[in-house]
Amino acid sequence: MGIGTNIHPQAIVSQEAKLGAGVQIGAYAVVNAGVELGEGCVLHEHAVVRGPSKLGANNVVHPFCVIGGDPQDYTFRGERVELQVGNANIFREHVTISRGTVKGGGVTRIGNDNFFLAYSHVGHDCQIGNNTLFVNGATLAGHVTVEDYATIGFQSPVHQFCRIGRYAYVGASTVITQDVPPFSRVVTERKTKSYGVNTIGLERKGFSSERLKILHRAFRLLLRSKMNTTQALAEMRKTFADSEDVKELVRFIEAAERGIVK
C-alpha cells in the first residue's frame, strides 16, 4: 500500500490489489484481486474495479461504475484478459468498461485524459486514445477504435469494429455502423450523414484558419462534388499534397473496411 493511501473501513479491497501512493477509496467501493491503482487514484463510494486491470495515476472513478468487468461476450469462459488504463481519466456515475477477449487480443486499452460521462460504455477489446469525450450513454460495441480528441455524443451507439477518427464529432443519438473520418462532424437527422468539417471543435483545439480552410475544401471534394470516393481521393492527394491533415484523412478513408459516413 502506497504512502498517504486512505481506504474507508467499509470498502472491500483485496490484499492482492496494488495501490499507489495517495490512493483514496470510499465507502462500499470494491477493488478485486489483480487490480493495480496508480498514485493519486480516487474511487468514490460504491465504485467497483475488477481485474486483471491496471490503472495509471490520478484516475477518478465515481459511484456505481464497474471498471474492468468481464467482457459481455457469449464466448467468454473466464480466460485471463485485461484492461489497461492510462492517467487522469474521469469515469462518471454508472460507467462500465469491459476487459478484452482472447479472440480480440485480450486487452481493452484506454489512454490519458479521457472523460466518460454517466452511463457511457466501452465494450471488450476497444482501443481508446487520449483526450476523448464520451457524452452520457455513448456506447461502444466490441473491437471499436476511438482516436485522440474524438467526441461520441449522447446515446450514440457505435457498431463493433468501427473506427472513429481523430477530432471527429459524433452528434447525439447518431447510430454509427461505418468508420467516421477524422476531423468530421457526423449527425443523424433523417439519416446518418456527414456534414463536413467539425469546425467549432477544431477551432477549440487550436486549428488555424488556414488548416480549416484546406479541410473545408477537401471535404467539399469528398461530399459535394460529383466525383465518387476514389476520384475524390485522387484529387485530394493532388490538390492538397502539402497538407498533413488531408493526408491523414485520405489514409483513414483508404483503410476503411466498412466504408465511411458520407
# chains A, B, ... in the order shown; residues from 1 in each chain; ligands from 1

call {"tool": "residues_around", "arguments": {"residues": "Arg163 in chain A", "least_positions_apart": "4", "cutoff": "8 Å", "atoms": "only C-alpha atoms", "output": "list in words"}}
result
Val144, Thr145, Val146, Glu147, Gln178, Asp179 and Val180 of chain A

call {"tool": "atom_distance", "arguments": {"atom1": "CA of Lys262 in chain A", "atom2": "CA of Phe183 in chain A"}}
result
13.1 Å

call {"tool": "closest_residue", "arguments": {"among": "A:Val13, A:Ile25, A:Ala241, A:Val107", "to": "Lys54 in chain A", "atoms": "only C-alpha atoms"}}
result
A:Val107

call {"tool": "atom_distance", "arguments": {"atom1": "CA of Val246 in chain A", "atom2": "CA of Ile110 in chain A"}}
result
26.3 Å

call {"tool": "atom_distance", "arguments": {"atom1": "CA of Asn89 in chain A", "atom2": "CA of Val187 in chain A"}}
result
26.0 Å

call {"tool": "closest_residue", "arguments": {"among": "A:Gly34, A:Gly137, A:Gly106, A:Gly129", "to": "Ile164 in chain A", "atoms": "only C-alpha atoms"}}
result
A:Gly129

call {"tool": "closest_residue", "arguments": {"among": "A:Gly20, A:Gly171, A:Gly69, A:Gly56", "to": "Gly111 in chain A", "atoms": "only C-alpha atoms"}}
result
A:Gly56

call {"tool": "residues_around", "arguments": {"residues": "Ser194 in chain A", "least_positions_apart": "3", "cutoff": "12 Å", "atoms": "only C-alpha atoms", "output": "PyMOL selection string"}}
result
chain A and resi 168-171+174+176+178-189+191+197-198+219-220+222-224+260-262

call {"tool": "select_by_dssp", "arguments": {"residues": "range 16-228 of chain A", "states": "strand (DSSP E)", "output": "PyMOL selection string"}}
result
chain A and resi 18-19+24-25+30-31+35-37+42-43+48-49+53-55+60-61+66-69+82-85+90-91+96-98+107-110+115-116+121-122+127-128+133-134+139-140+145-146+151-152+157-158+163-164+169-170+184-188+192-197

call {"tool": "closest_residue", "arguments": {"among": "A:Lys193, A:Lys103, A:His44, A:His94", "to": "Phe116 in chain A", "atoms": "only C-alpha atoms"}}
result
A:His94

call {"tool": "residues_around", "arguments": {"residues": "Gly78 in chain A", "least_positions_apart": "2", "cutoff": "12 Å", "atoms": "only C-alpha atoms", "output": "list in words"}}
result
Gly51, Pro52, Gly69, Asp70, Pro71, Gln72, Asp73, Tyr74, Thr75, Phe76, Arg80, Val81, Glu82, Arg99, Gly100, Thr101, Val102 and Gly106 of chain A
